[in-house]
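As structure tokens, the structure follows; a few thoughts come after it.
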Amino acid sequence: MRRFRSTRLQALALAAGLVLAGLPMLAFAQDTSGSDAAAGVGILFTCFCYLIGLVIEIALTYWVYTDAKKRGNPNAVLWGVLTFFLGLLGLLIYILVGRNQGTAMGGPPPAGPAGPAGPSNTVRY
């Protein structure tokens, strides 16, 4: 399984998506009172809050995905997507339901070499 690696193209696509998502705010920020500076500060504050929320969503999604993979959950990607779209509600559902679905909670044992059956300090005569 390869790890997620971000490239410049992915970062550029993310930045372009964020800019396009912020364009409707510019359209509704028109003010006839003449206080353009206040409208600009409001737009910047709104964009900053949106970015903070997006970073929190991505962090929650990454944590849920890695936790599910560590526990051997076969639906790790599904739990990550659910958490991204539902936010804290998705995280709560994962904690209540999804954490009990992996191999660490009673599934089949992982494949690998079997260790010694008894204590290692047994003396044989």
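A note on labels: chains of the structure tokens are A, B, ... as shown, every chain counts residues from 1, and ligands are counted from 1 in their shown order.
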All residues 10 Å or closer to region 84-89 of chain A, only C-alpha atoms, same chain fewer than 4 positions away omitted, as a PDB file with N, CA and C atoms, in the first residue's frame:
ATOM      1  N   GLY A  53     -11.638  25.416   9.273  1.00  0.00           N
ATOM      2  CA  GLY A  53     -12.598  24.308   9.317  1.00  0.00           C
ATOM      3  C   GLY A  53     -12.212  23.178   8.378  1.00  0.00           C
ATOM      4  N   LEU A  54     -11.701  23.530   7.189  1.00  0.00           N
ATOM      5  CA  LEU A  54     -11.278  22.519   6.236  1.00  0.00           C
ATOM      6  C   LEU A  54     -10.067  21.743   6.756  1.00  0.00           C
ATOM      7  N   ILE A  56      -9.341  21.216   9.882  1.00  0.00           N
ATOM      8  CA  ILE A  56      -9.834  20.342  10.954  1.00  0.00           C
ATOM      9  C   ILE A  56     -10.527  19.112  10.359  1.00  0.00           C
ATOM     10  N   GLU A  57     -11.320  19.311   9.305  1.00  0.00           N
ATOM     11  CA  GLU A  57     -11.993  18.175   8.653  1.00  0.00           C
ATOM     12  C   GLU A  57     -10.978  17.194   8.084  1.00  0.00           C
ATOM     13  N   ILE A  58      -9.940  17.711   7.432  1.00  0.00           N
ATOM     14  CA  ILE A  58      -8.928  16.836   6.849  1.00  0.00           C
ATOM     15  C   ILE A  58      -8.174  16.089   7.942  1.00  0.00           C
ATOM     16  N   ALA A  59      -7.880  16.764   9.045  1.00  0.00           N
ATOM     17  CA  ALA A  59      -7.176  16.107  10.154  1.00  0.00           C
ATOM     18  C   ALA A  59      -8.039  14.998  10.769  1.00  0.00           C
ATOM     19  N   LEU A  60      -9.324  15.263  10.963  1.00  0.00           N
ATOM     20  CA  LEU A  60     -10.226  14.225  11.493  1.00  0.00           C
ATOM     21  C   LEU A  60     -10.305  13.033  10.542  1.00  0.00           C
ATOM     22  N   THR A  61     -10.415  13.329   9.251  1.00  0.00           N
ATOM     23  CA  THR A  61     -10.501  12.267   8.254  1.00  0.00           C
ATOM     24  C   THR A  61      -9.239  11.418   8.258  1.00  0.00           C
ATOM     25  N   TYR A  62      -8.085  12.064   8.313  1.00  0.00           N
ATOM     26  CA  TYR A  62      -6.815  11.335   8.322  1.00  0.00           C
ATOM     27  C   TYR A  62      -6.699  10.477   9.579  1.00  0.00           C
ATOM     28  N   VAL A  64      -9.153   9.198  11.437  1.00  0.00           N
ATOM     29  CA  VAL A  64     -10.095   8.073  11.359  1.00  0.00           C
ATOM     30  C   VAL A  64      -9.568   7.016  10.393  1.00  0.00           C
ATOM     31  N   LEU A  78     -13.968   3.976   3.537  1.00  0.00           N
ATOM     32  CA  LEU A  78     -15.370   4.361   3.721  1.00  0.00           C
ATOM     33  C   LEU A  78     -15.548   5.194   4.989  1.00  0.00           C
ATOM     34  N   TRP A  79     -14.887   4.788   6.078  1.00  0.00           N
ATOM     35  CA  TRP A  79     -14.992   5.560   7.319  1.00  0.00           C
ATOM     36  C   TRP A  79     -14.368   6.942   7.157  1.00  0.00           C
ATOM     37  N   GLY A  80     -13.276   7.030   6.412  1.00  0.00           N
ATOM     38  CA  GLY A  80     -12.663   8.329   6.163  1.00  0.00           C
ATOM     39  C   GLY A  80     -13.583   9.251   5.373  1.00  0.00           C
ATOM     40  N   ILE A  93     -19.953   8.479  14.959  1.00  0.00           N
ATOM     41  CA  ILE A  93     -20.425   7.190  14.448  1.00  0.00           C
ATOM     42  C   ILE A  93     -19.262   6.209  14.349  1.00  0.00           C
ATOM     43  N   TYR A  94     -18.105   6.695  13.883  1.00  0.00           N
ATOM     44  CA  TYR A  94     -16.942   5.808  13.790  1.00  0.00           C
ATOM     45  C   TYR A  94     -16.523   5.312  15.167  1.00  0.00           C
ATOM     46  N   ILE A  95     -16.498   6.194  16.144  1.00  0.00           N
ATOM     47  CA  ILE A  95     -16.071   5.785  17.486  1.00  0.00           C
ATOM     48  C   ILE A  95     -17.044   4.768  18.084  1.00  0.00           C
TER      49      ILE A  95
END
**Asked** Suppose you want the space between CA of Leu14 (chain A) and CA of Thr66 (chain A); what is it in Å?
**Response**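 CA of Thr66 (chain A) lies 21.8 Å from CA of Leu14 (chain A).
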**Request:** Find the residue from A:Gly22, A:Gly98, A:Val81, A:Trp63 that sits nearest to Phe45 (chain A); use only C-alpha atoms when measuring.
**Result:**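 Among the listed residues, the smallest separation from Phe45 (chain A) belongs to A:Gly22.
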**Request:** For each of A:Ala68, A:Val55, A:Ala13, A:Ile43, take the minimum atom-to-atom distance to Gln101 (chain A), counting only C-alpha atoms, then give the residue where this is smallest.
**Result:**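 Selected residue with least distance to Gln101 (chain A): A:Ala68.
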**Message:** Between CA of Tyr50 (chain A) and CA of Gly90 (chain A), what is the distance in Å, rounded to a tenth?
**Reply:**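 Taking CA of Tyr50 (chain A) as the start and CA of Gly90 (chain A) as the end point, the length is 19.0 Å.
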**Prompt:** What gap, in Å, lies between CA of Ala21 (chain A) and CA of Cys49 (chain A)?
**Reply:**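 Separation of CA of Ala21 (chain A) and CA of Cys49 (chain A): 13.2 Å.
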**Request:** Go through A:Leu92, A:Val41, A:Ala15, A:Asn100 and flag the residue nearest Gly72 (chain A), using only C-alpha atoms for the distances.
**Result:**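 For Gly72 (chain A), the nearest of the candidates is A:Asn100.
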